[in-house]
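Undergrad: Contents of data-v8.cif (mmCIF, C-alpha atoms) are given next:
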```
data_start
loop_
_atom_site.group_PDB
_atom_site.id
_atom_site.type_symbol
_atom_site.label_atom_id
_atom_site.label_comp_id
_atom_site.auth_asym_id
_atom_site.auth_seq_id
_atom_site.Cartn_x
_atom_site.Cartn_y
_atom_site.Cartn_z
ATOM 1 C CA MET N 104 160.058 75.901 8.568
ATOM 2 C CA PRO N 105 160.407 79.519 7.440
ATOM 3 C CA TYR N 106 163.400 81.437 8.507
ATOM 4 C CA ALA N 107 162.956 84.057 11.218
ATOM 5 C CA PRO N 108 165.899 86.355 11.899
ATOM 6 C CA GLY N 109 167.456 85.772 15.270
ATOM 7 C CA SER N 110 165.591 82.469 16.036
ATOM 8 C CA PRO N 111 167.625 80.130 18.236
ATOM 9 C CA GLY N 112 168.933 76.951 16.720
ATOM 10 C CA GLN N 113 168.943 78.230 13.175
ATOM 11 C CA ALA N 114 171.915 79.299 11.175
ATOM 12 C CA THR N 115 172.048 82.759 9.836
ATOM 13 C CA PRO N 116 171.956 82.795 6.035
ATOM 14 C CA PRO N 117 174.932 84.336 4.312
ATOM 15 C CA GLY N 118 174.691 88.093 3.930
ATOM 16 C CA LEU N 119 172.593 88.648 7.094
ATOM 17 C CA VAL N 120 173.797 89.856 10.472
ATOM 18 C CA PRO N 121 172.273 88.088 13.519
ATOM 19 C CA ASP N 122 170.179 90.236 15.836
ATOM 20 C CA ALA N 123 172.459 89.481 18.755
ATOM 21 C CA GLN N 124 175.424 90.964 16.890
ATOM 22 C CA ARG N 125 173.627 94.207 16.076
ATOM 23 C CA PRO N 126 174.436 97.287 18.162
ATOM 24 C CA GLY N 127 172.105 97.346 21.162
ATOM 25 C CA GLY N 128 170.551 94.010 20.236
ATOM 26 C CA GLU N 129 167.608 95.794 18.557
ATOM 27 C CA VAL N 130 165.409 93.857 16.174
ATOM 28 C CA ASP N 131 164.261 95.521 12.979
ATOM 29 C CA GLN N 132 160.532 95.659 12.423
ATOM 30 C CA ALA N 133 161.037 94.935 8.727
ATOM 31 C CA PRO N 134 164.496 93.418 8.033
ATOM 32 C CA THR N 135 166.014 94.653 4.856
ATOM 33 C CA ALA N 136 166.689 92.249 2.028
ATOM 34 C CA PRO N 137 170.273 90.978 1.833
ATOM 35 C CA VAL N 138 172.533 92.169 -0.891
ATOM 36 C CA ARG N 139 173.197 89.453 -3.413
ATOM 37 C CA ARG N 140 176.811 88.354 -3.669
ATOM 38 C CA PRO N 141 178.424 86.380 -6.473
ATOM 39 C CA GLY N 142 178.236 82.614 -5.861
ATOM 40 C CA VAL N 143 175.977 82.868 -2.792
ATOM 41 C CA PRO N 144 172.370 81.701 -3.252
ATOM 42 C CA MET N 145 169.601 83.979 -2.072
ATOM 43 C CA PRO N 146 167.328 82.678 0.741
ATOM 44 C CA GLN N 147 163.775 81.927 -0.210
ATOM 45 C CA GLY N 148 161.220 84.643 0.396
ATOM 46 C CA HIS N 149 163.691 87.491 -0.187
ATOM 47 C CA THR N 150 164.190 89.708 -3.199
ATOM 48 C CA PRO N 151 167.449 91.337 -4.226
ATOM 49 C CA ALA N 152 167.941 94.743 -2.725
ATOM 50 C CA MET N 153 167.633 97.494 -5.297
ATOM 51 C CA PRO N 154 170.205 100.272 -5.151
ATOM 52 C CA ALA N 155 168.816 103.493 -3.769
ATOM 53 C CA ALA N 156 168.061 106.220 -6.274
ATOM 54 C CA PRO N 157 170.548 109.076 -6.192
ATOM 55 C CA PRO N 158 169.218 112.139 -4.410
ATOM 56 C CA GLN N 159 167.844 114.821 -6.643
ATOM 57 C CA HIS N 160 169.601 118.137 -6.533
ATOM 58 C CA PRO N 161 167.231 120.893 -5.397
ATOM 59 C CA ALA N 162 168.083 122.869 -8.508
ATOM 60 C CA TYR N 163 166.483 120.178 -10.654
ATOM 61 C CA ASN N 164 162.936 119.014 -10.996
ATOM 62 C CA ARG N 165 161.774 115.685 -12.348
ATOM 63 C CA GLY N 166 159.913 116.191 -15.614
ATOM 64 C CA PRO N 167 158.141 113.796 -17.965
ATOM 65 C CA HIS N 168 161.317 113.315 -20.006
ATOM 66 C CA GLY N 169 163.877 113.143 -17.208
ATOM 67 C CA PRO N 170 165.535 115.799 -15.041
ATOM 68 C CA THR N 171 164.911 119.320 -16.208
ATOM 69 C CA PRO N 172 166.787 122.390 -14.950
ATOM 70 C CA TYR N 173 164.966 124.410 -12.335
ATOM 71 C CA ARG N 174 163.678 127.718 -13.575
ATOM 72 C CA PRO N 175 163.066 130.617 -11.203
ATOM 73 C CA MET N 176 159.536 131.906 -10.937
ATOM 74 C CA PRO N 177 158.954 134.992 -13.094
ATOM 75 C CA GLY N 178 158.137 138.256 -11.445
ATOM 76 C CA MET N 179 154.474 138.535 -10.681
ATOM 77 C CA PRO N 180 152.780 141.816 -11.631
ATOM 78 C CA ALA N 181 150.788 143.813 -9.143
ATOM 79 C CA PRO N 182 147.149 142.716 -8.896
ATOM 80 C CA MET N 183 145.091 144.612 -11.408
ATOM 81 C CA PRO N 184 141.304 145.064 -11.372
ATOM 82 C CA ARG N 185 139.501 143.601 -14.317
ATOM 83 C CA PRO N 186 138.537 146.159 -16.958
ATOM 84 C CA PRO N 187 134.917 147.249 -16.732
ATOM 85 C CA GLY N 188 132.568 145.711 -19.226
ATOM 86 C CA ASP N 189 130.472 147.495 -21.783
ATOM 87 C CA ARG N 190 127.791 148.191 -19.134
ATOM 88 C CA ALA N 191 125.163 148.507 -21.866
ATOM 89 C CA PHE N 192 122.469 146.964 -19.693
ATOM 90 C CA LEU N 193 123.250 149.370 -16.844
ATOM 91 C CA SER N 194 123.119 152.379 -19.160
ATOM 92 C CA VAL N 195 119.752 151.303 -20.592
ATOM 93 C CA LEU N 196 118.387 150.736 -17.087
ATOM 94 C CA TRP N 197 119.573 154.201 -16.072
ATOM 95 C CA SER N 198 117.925 155.731 -19.145
ATOM 96 C CA LEU N 199 114.572 154.081 -18.298
ATOM 97 C CA VAL N 200 114.454 155.455 -14.744
ATOM 98 C CA PRO N 201 112.493 158.610 -15.743
ATOM 99 C CA LEU N 202 109.900 156.636 -17.684
ATOM 100 C CA GLY N 203 109.597 153.883 -15.096
ATOM 101 C CA THR N 204 109.068 156.311 -12.206
ATOM 102 C CA MET N 205 106.786 158.681 -14.149
ATOM 103 C CA GLY N 206 109.371 161.414 -13.737
ATOM 104 C CA LEU N 207 109.578 161.334 -9.928
ATOM 105 C CA LEU N 208 113.198 160.090 -9.835
ATOM 106 C CA THR N 209 114.348 161.985 -12.891
ATOM 107 C CA PRO N 210 116.355 164.538 -10.851
ATOM 108 C CA VAL N 211 118.169 161.705 -9.089
ATOM 109 C CA SER N 212 119.073 160.107 -12.406
ATOM 110 C CA PHE N 213 120.352 163.355 -13.912
ATOM 111 C CA LEU N 214 122.206 164.274 -10.734
ATOM 112 C CA TYR N 215 124.365 161.197 -11.396
ATOM 113 C CA ALA N 216 124.854 162.373 -14.987
ATOM 114 C CA ALA N 217 125.852 165.870 -13.855
ATOM 115 C CA LEU N 218 128.400 164.466 -11.402
ATOM 116 C CA LYS N 219 129.873 162.251 -14.123
ATOM 117 C CA LEU N 220 129.966 164.826 -16.949
ATOM 118 C CA ARG N 221 130.529 168.003 -14.909
ATOM 119 C CA THR N 222 129.354 170.291 -17.694
ATOM 120 C CA GLN N 223 127.093 173.352 -17.587
ATOM 121 C CA THR N 224 124.598 171.629 -19.854
ATOM 122 C CA ALA N 225 124.279 168.687 -17.487
ATOM 123 C CA TRP N 226 123.738 170.965 -14.475
ATOM 124 C CA ALA N 227 121.149 173.008 -16.427
ATOM 125 C CA ALA N 228 119.257 169.832 -17.351
ATOM 126 C CA LEU N 229 119.264 168.792 -13.696
ATOM 127 C CA ALA N 230 117.792 172.155 -12.685
ATOM 128 C CA LEU N 231 115.111 171.894 -15.395
ATOM 129 C CA TYR N 232 113.998 168.414 -14.333
ATOM 130 C CA LEU N 233 114.083 169.446 -10.683
ATOM 131 C CA VAL N 234 111.689 172.328 -11.465
ATOM 132 C CA GLY N 235 109.483 169.909 -13.421
ATOM 133 C CA THR N 236 109.319 167.510 -10.481
ATOM 134 C CA VAL N 237 108.413 170.287 -8.035
ATOM 135 C CA THR N 238 105.723 171.549 -10.442
ATOM 136 C CA MET N 239 104.331 168.054 -10.914
ATOM 137 C CA VAL N 240 104.051 167.476 -7.175
ATOM 138 C CA ALA N 241 102.808 170.982 -6.232
ATOM 139 C CA SER N 242 100.249 171.617 -8.984
ATOM 140 C CA GLY N 243 98.123 168.491 -9.088
ATOM 141 C CA PRO N 244 94.832 168.270 -11.071
ATOM 142 C CA SER N 245 93.182 171.336 -9.439
ATOM 143 C CA GLY N 246 91.621 173.304 -12.238
ATOM 144 C CA ALA N 247 92.492 173.594 -15.895
ATOM 145 C CA LEU N 248 95.792 175.426 -15.328
ATOM 146 C CA GLY N 249 96.932 173.017 -12.652
ATOM 147 C CA GLU N 250 96.008 170.037 -14.778
ATOM 148 C CA ALA N 251 97.887 171.480 -17.765
ATOM 149 C CA LEU N 252 100.980 172.131 -15.656
ATOM 150 C CA PHE N 253 100.772 168.631 -14.191
ATOM 151 C CA ILE N 254 100.525 166.973 -17.615
ATOM 152 C CA ALA N 255 103.330 169.129 -19.021
ATOM 153 C CA SER N 256 105.651 168.350 -16.105
ATOM 154 C CA VAL N 257 104.898 164.617 -16.330
ATOM 155 C CA LEU N 258 105.638 164.572 -20.058
ATOM 156 C CA LEU N 259 108.811 166.573 -19.509
ATOM 157 C CA ASN N 260 110.150 164.459 -16.650
ATOM 158 C CA SER N 261 109.157 161.101 -18.125
ATOM 159 C CA LEU N 262 109.156 161.069 -21.927
ATOM 160 C CA GLY N 263 111.435 164.044 -22.489
ATOM 161 C CA ALA N 264 113.937 162.924 -19.816
ATOM 162 C CA THR N 265 113.932 159.380 -21.196
ATOM 163 C CA VAL N 266 114.822 160.577 -24.693
ATOM 164 C CA HIS N 267 117.454 162.867 -23.220
ATOM 165 C CA ALA N 268 118.909 160.038 -21.138
ATOM 166 C CA PHE N 269 119.209 157.716 -24.129
ATOM 167 C CA THR N 270 120.959 160.517 -25.995
ATOM 168 C CA ILE N 271 123.710 161.013 -23.408
ATOM 169 C CA ARG N 272 123.941 157.507 -21.928
ATOM 170 C CA ARG N 273 127.164 156.683 -23.802
ATOM 171 C CA ARG N 274 128.773 159.768 -22.305
ATOM 172 C CA VAL N 275 127.603 158.902 -18.807
ATOM 173 C CA PHE N 276 128.599 155.229 -19.209
ATOM 174 C CA PRO N 277 131.563 155.333 -21.614
ATOM 175 C CA ARG N 278 132.964 152.177 -23.122
ATOM 176 C CA PRO N 279 136.305 151.111 -21.651
ATOM 177 C CA ASP N 280 139.357 152.049 -23.676
ATOM 178 C CA PRO N 281 141.546 148.916 -24.014
ATOM 179 C CA VAL N 282 144.594 150.998 -24.922
ATOM 180 C CA ALA N 283 144.253 153.212 -21.863
ATOM 181 C CA TYR N 284 143.663 150.182 -19.664
ATOM 182 C CA GLY N 285 146.770 148.472 -21.072
ATOM 183 C CA ASN N 286 148.850 151.587 -20.419
ATOM 184 C CA ASP N 287 147.582 151.803 -16.841
ATOM 185 C CA GLN N 288 148.466 148.157 -16.334
ATOM 186 C CA ALA N 289 151.986 148.699 -17.700
ATOM 187 C CA ILE N 290 152.499 151.704 -15.404
ATOM 188 C CA GLN N 291 151.315 149.799 -12.341
ATOM 189 C CA PHE N 292 153.515 146.836 -13.252
ATOM 190 C CA ALA N 293 156.586 149.097 -13.576
ATOM 191 C CA GLN N 294 155.794 150.731 -10.238
ATOM 192 C CA HIS N 295 155.408 147.291 -8.665
ATOM 193 C CA ARG N 296 158.834 146.240 -9.971
ATOM 194 C CA ARG N 297 160.360 149.426 -8.586
ATOM 195 C CA GLU N 298 158.897 148.652 -5.148
ATOM 196 C CA LEU N 299 160.360 145.137 -5.325
ATOM 197 C CA ARG N 300 163.821 146.548 -6.096
ATOM 198 C CA GLN N 301 163.582 148.971 -3.193
ATOM 199 C CA GLU N 302 162.574 146.183 -0.787
ATOM 200 C CA ALA N 303 165.416 143.978 -2.034
ATOM 201 C CA ARG N 304 167.979 146.783 -1.593
ATOM 202 C CA GLU N 305 166.794 147.435 1.961
ATOM 203 C CA LEU N 306 167.030 143.723 2.742
ATOM 204 C CA ALA N 307 170.559 143.584 1.304
ATOM 205 C CA GLU N 308 171.635 146.508 3.505
ATOM 206 C CA GLN N 309 170.113 145.018 6.668
ATOM 207 C CA ASP N 310 171.098 141.364 6.152
ATOM 208 C CA PRO N 311 173.702 140.774 3.394
ATOM 209 C CA GLY N 312 173.965 137.080 4.258
ATOM 210 C CA LEU N 313 170.259 136.518 3.715
ATOM 211 C CA ALA N 314 170.422 138.546 0.516
ATOM 212 C CA MET N 315 173.175 136.289 -0.812
ATOM 213 C CA GLU N 316 171.200 133.188 0.173
ATOM 214 C CA LEU N 317 168.166 134.554 -1.659
ATOM 215 C CA ARG N 318 170.520 135.320 -4.580
ATOM 216 C CA ILE N 319 169.441 138.907 -4.906
ATOM 217 C CA GLY N 320 170.950 140.434 -8.012
ATOM 218 C CA ARG N 321 171.777 137.045 -9.544
ATOM 219 C CA PRO N 322 169.183 136.252 -12.236
ATOM 220 C CA ASP N 323 171.659 133.758 -13.703
ATOM 221 C CA LEU N 324 171.189 131.417 -10.698
ATOM 222 C CA PRO N 325 168.147 129.333 -9.722
ATOM 223 C CA ARG N 326 166.091 131.247 -7.186
ATOM 224 C CA ARG N 327 162.561 132.012 -6.051
ATOM 225 C CA TYR N 328 162.925 135.515 -4.642
ATOM 226 C CA ASP N 329 161.808 138.271 -7.005
ATOM 227 C CA ASP N 330 164.098 141.271 -6.553
ATOM 228 C CA GLY N 331 162.472 143.344 -9.286
ATOM 229 C CA GLY N 332 165.357 142.985 -11.730
ATOM 230 C CA LEU N 333 168.381 143.969 -9.626
ATOM 231 C CA VAL N 334 171.920 143.038 -10.691
ATOM 232 C CA ASP N 335 174.712 142.419 -8.200
ATOM 233 C CA VAL N 336 177.633 144.134 -9.899
ATOM 234 C CA ASN N 337 180.118 142.584 -7.466
ATOM 235 C CA HIS N 338 179.263 138.972 -8.318
ATOM 236 C CA ALA N 339 177.138 138.811 -11.485
ATOM 237 C CA PRO N 340 178.817 137.612 -14.685
ATOM 238 C CA ALA N 341 179.449 139.902 -17.606
ATOM 239 C CA ALA N 342 176.430 138.570 -19.533
ATOM 240 C CA VAL N 343 174.097 139.685 -16.729
ATOM 241 C CA ILE N 344 175.725 143.106 -16.354
ATOM 242 C CA ALA N 345 175.283 143.589 -20.102
ATOM 243 C CA THR N 346 171.491 143.449 -19.640
ATOM 244 C CA LEU N 347 171.489 146.714 -17.673
ATOM 245 C CA PRO N 348 170.047 149.720 -19.558
ATOM 246 C CA GLY N 349 172.646 151.755 -21.403
ATOM 247 C CA MET N 350 175.338 149.078 -21.249
ATOM 248 C CA THR N 351 177.594 148.267 -24.171
ATOM 249 C CA LYS N 352 180.191 145.564 -24.610
ATOM 250 C CA GLU N 353 183.010 148.028 -23.995
ATOM 251 C CA LEU N 354 181.428 149.365 -20.814
ATOM 252 C CA VAL N 355 180.910 145.856 -19.470
ATOM 253 C CA GLU N 356 184.580 145.043 -20.084
ATOM 254 C CA GLN N 357 185.578 148.213 -18.202
ATOM 255 C CA ILE N 358 183.408 147.183 -15.234
ATOM 256 C CA ILE N 359 184.851 143.665 -15.181
ATOM 257 C CA GLN N 360 188.416 144.953 -15.324
ATOM 258 C CA ALA N 361 187.741 147.462 -12.559
ATOM 259 C CA ARG N 362 186.120 144.749 -10.441
ATOM 260 C CA GLN N 363 189.162 142.543 -10.838
ATOM 261 C CA THR N 364 191.324 145.450 -9.691
ATOM 262 C CA VAL N 365 189.377 146.784 -6.679
ATOM 263 C CA GLY N 366 187.568 143.580 -5.693
ATOM 264 C CA THR N 367 184.118 144.893 -4.745
ATOM 265 C CA PHE N 368 182.181 148.105 -5.213
ATOM 266 C CA SER N 369 179.995 149.840 -2.651
ATOM 267 C CA SER N 370 177.830 152.124 -4.800
ATOM 268 C CA ALA N 371 176.927 153.052 -8.346
ATOM 269 C CA LEU N 372 178.968 156.222 -8.086
ATOM 270 C CA GLU N 373 182.083 154.205 -7.230
ATOM 271 C CA VAL N 374 181.491 151.946 -10.238
ATOM 272 C CA CYS N 375 181.195 154.911 -12.595
ATOM 273 C CA VAL N 376 184.317 156.592 -11.221
ATOM 274 C CA THR N 377 186.462 153.460 -11.031
ATOM 275 C CA ALA N 378 185.411 152.016 -14.380
ATOM 276 C CA ASN N 379 185.384 155.427 -16.093
ATOM 277 C CA LEU N 380 181.730 155.118 -17.142
ATOM 278 C CA PRO N 381 179.608 157.973 -18.527
ATOM 279 C CA ALA N 382 178.143 160.176 -15.815
ATOM 280 C CA ASP N 383 174.571 159.698 -17.042
ATOM 281 C CA LEU N 384 174.757 155.985 -16.146
ATOM 282 C CA THR N 385 174.956 156.740 -12.420
ATOM 283 C CA SER N 386 171.200 157.134 -11.966
ATOM 284 C CA THR N 387 170.528 154.021 -14.037
ATOM 285 C CA LEU N 388 172.957 151.907 -12.024
ATOM 286 C CA THR N 389 171.519 153.291 -8.786
ATOM 287 C CA GLU N 390 168.059 152.082 -9.819
ATOM 288 C CA TYR N 391 168.949 148.620 -11.132
ATOM 289 C CA THR N 392 172.035 147.463 -9.210
ATOM 290 C CA VAL N 393 172.925 146.188 -5.765
ATOM 291 C CA TYR N 394 176.337 145.700 -4.162
ATOM 292 C CA LEU N 395 176.750 142.698 -1.882
ATOM 293 C CA PRO N 396 180.074 142.075 -0.092
#
```
Would you mind giving the structure from this file in structure tokens?
TA:
Amino acid sequence: MPYAPGSPGQATPPGLVPDAQRPGGEVDQAPTAPVRRPGVPMPQGHTPAMPAAPPQHPAYNRGPHGPTPYRPMPGMPAPMPRPPGDRAFLSVLWSLVPLGTMGLLTPVSFLYAALKLRTQTAWAALALYLVGTVTMVASGPSGALGEALFIASVLLNSLGATVHAFTIRRRVFPRPDPVAYGNDQAIQFAQHRRELRQEARELAEQDPGLAMELRIGRPDLPRRYDDGGLVDVNHAPAAVIATLPGMTKELVEQIIQARQTVGTFSSALEVCVTANLPADLTSTLTEYTVYLP
């Protein structure tokens, strides 16, 4: 007869506690396996209890080859629009508008070109094609002169405008400059990092405890908050302070010695005065440092 925990008339196997002796007399839905002891046989139907795995520290993450140190997420750049393509098809389609509409929409097409180029030549061409369109519509095939004016205006606004459009289409639809786009992206990324530093400084002033929990200014510690590259001069090690722009080994040693003397700083100006730093470093420290209590 199989053993059931707590059944009357049956002895409790070694290593198990009867239900009646448990606090409150509660019965487990799934009794845990007994721990094997030396010299005591295990009851049938039970497996040895496996020791529980040690809890993983939140600063570590299980990788394919064992525990790997946690790495903070890198700073994400500001969202950038994708660079425009060559737009060759669009430029060809724009150039064929005069021919496809028999010159009726030629002024509309060259109005776009004049707004893009903003040159006297472009505005003069717009005026010429506008006069051609008005002549083409007003004259009509009424007599030899009217028919001649009509044919001339159609040829001007269709064939002539098409050739003209293909000539200037690369100026109206320029190819994207990858260098200029890369520079714009770098500028926007730097501005985004500056905004992150400003937000982190404001948070540190309003709630220093939360700032310390988020580890603002401590890139040497595991964290997820992106502070834009701030350094907490009051708590960061010398290796982190050395990463600030304009810092040398001697200047870092002066800051560390001054910090050991005064305890904590409250501003970049106080750091420069107390540590006897060059005056031109004040603006740099103001931009890249934070001072938590």
Undergrad: Just to confirm, what's the straight-line distance from atom CA of Val334 of chain N to atom CA of Thr392 of chain N in Å (one decimal)?
TA: 4.7 Å
Undergrad: I would like the residues chosen by the PyMOL selection byres ((chain N and resi 385) around 10) on the shown file; could you give them as an NGL selection string?
TA: :N and (370-376 or 380-384 or 386-390)
Undergrad: Do you know which residues are at most 12 Å from Leu313 of chain N counting all atoms listed in the file, after dropping those on the same chain fewer than 3 positions away, and could you put them as a list in words?
TA: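 What passes the distance filter is Ala303, Arg304, Glu305, Leu306, Ala307, Glu308, Gln309, Asp310, Glu316, Leu317, Arg318, Ile319, Tyr328, Leu395 and Pro396 of chain N.
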Undergrad: Starting from the shown file, work through the PyMOL selection byres ((chain N and resi 213) around 9) and note down what comes out as a PDB file with C-alpha atoms, keeping the file's coordinate frame.
TA:
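Result file part.pdb:
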```
ATOM      1  CA  LEU N 208     113.198 160.090  -9.835  1.00  0.00           C
ATOM      2  CA  THR N 209     114.348 161.985 -12.891  1.00  0.00           C
ATOM      3  CA  PRO N 210     116.355 164.538 -10.851  1.00  0.00           C
ATOM      4  CA  VAL N 211     118.169 161.705  -9.089  1.00  0.00           C
ATOM      5  CA  SER N 212     119.073 160.107 -12.406  1.00  0.00           C
ATOM      6  CA  LEU N 214     122.206 164.274 -10.734  1.00  0.00           C
ATOM      7  CA  TYR N 215     124.365 161.197 -11.396  1.00  0.00           C
ATOM      8  CA  ALA N 216     124.854 162.373 -14.987  1.00  0.00           C
ATOM      9  CA  ALA N 217     125.852 165.870 -13.855  1.00  0.00           C
ATOM     10  CA  LEU N 218     128.400 164.466 -11.402  1.00  0.00           C
ATOM     11  CA  ALA N 225     124.279 168.687 -17.487  1.00  0.00           C
ATOM     12  CA  TRP N 226     123.738 170.965 -14.475  1.00  0.00           C
ATOM     13  CA  ALA N 228     119.257 169.832 -17.351  1.00  0.00           C
ATOM     14  CA  LEU N 229     119.264 168.792 -13.696  1.00  0.00           C
ATOM     15  CA  TYR N 232     113.998 168.414 -14.333  1.00  0.00           C
ATOM     16  CA  ALA N 264     113.937 162.924 -19.816  1.00  0.00           C
ATOM     17  CA  ALA N 268     118.909 160.038 -21.138  1.00  0.00           C
TER      18      ALA N 268
END
```
Undergrad: Could you tell me which of N:Arg278, N:Leu333, N:Gly285, N:Leu354 comes closest to Glu298 of chain N if we count all atoms listed in the file?
TA: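 Residue with the minimum atom-to-atom distance to Glu298 of chain N: N:Leu333.
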Undergrad: Pick out the residues sitting within 12 Å of Thr364 of chain N, and hand them over as a list in words; count only C-alpha atoms, and ignore anything fewer than 6 positions along from it in its own chain.
TA: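 The neighbour list is Asn337, Gln357, Ile358, Val374, Thr377 and Ala378 of chain N.
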Undergrad: Would you mind telling me which residue in N:Gln288, N:Ser261, N:Gln223, N:Ser256 lies nearest to Ser242 of chain N when using all atoms listed in the file?
TA: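 When distances to Ser242 of chain N are compared using all atoms listed in the file, the smallest one comes from N:Ser256.
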Undergrad: Quick one: residues within 9 Å of (118.8, 155.7, -24.1) (file frame), counting all atoms listed in the file, please, as a list in words.
TA: Ser194, Val195, Leu196, Trp197, Ser198, Leu199, Thr265, Val266, His267, Ala268, Phe269, Thr270, Ile271, Arg272 and Arg273 of chain N
Undergrad: Report the residues retrieved by the PyMOL selection byres ((chain N and resi 331) around 7) from the displayed file, expressed as a PyMOL selection string.
TA: chain N and resi 296-297+299-300+329-330+332-333
Undergrad: So how many Å separate atom CA of Leu324 of chain N and atom CA of Gln291 of chain N, to one decimal?
TA: 27.1 Å
Undergrad: Excluding Pro340 of chain N and residues on its chain fewer than 2 positions from it, collect all residues at most 12 Å away from it, counting all atoms listed in the file, and give them as a ChimeraX atom specification.
TA: /N:320-324,334-338,342-346,355-356,358-359,362
Undergrad: One number please: atom CA of Phe276 of chain N to atom CA of Arg190 of chain N, in Å, one decimal.
TA: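 Distance between the two atoms: 7.1 Å.
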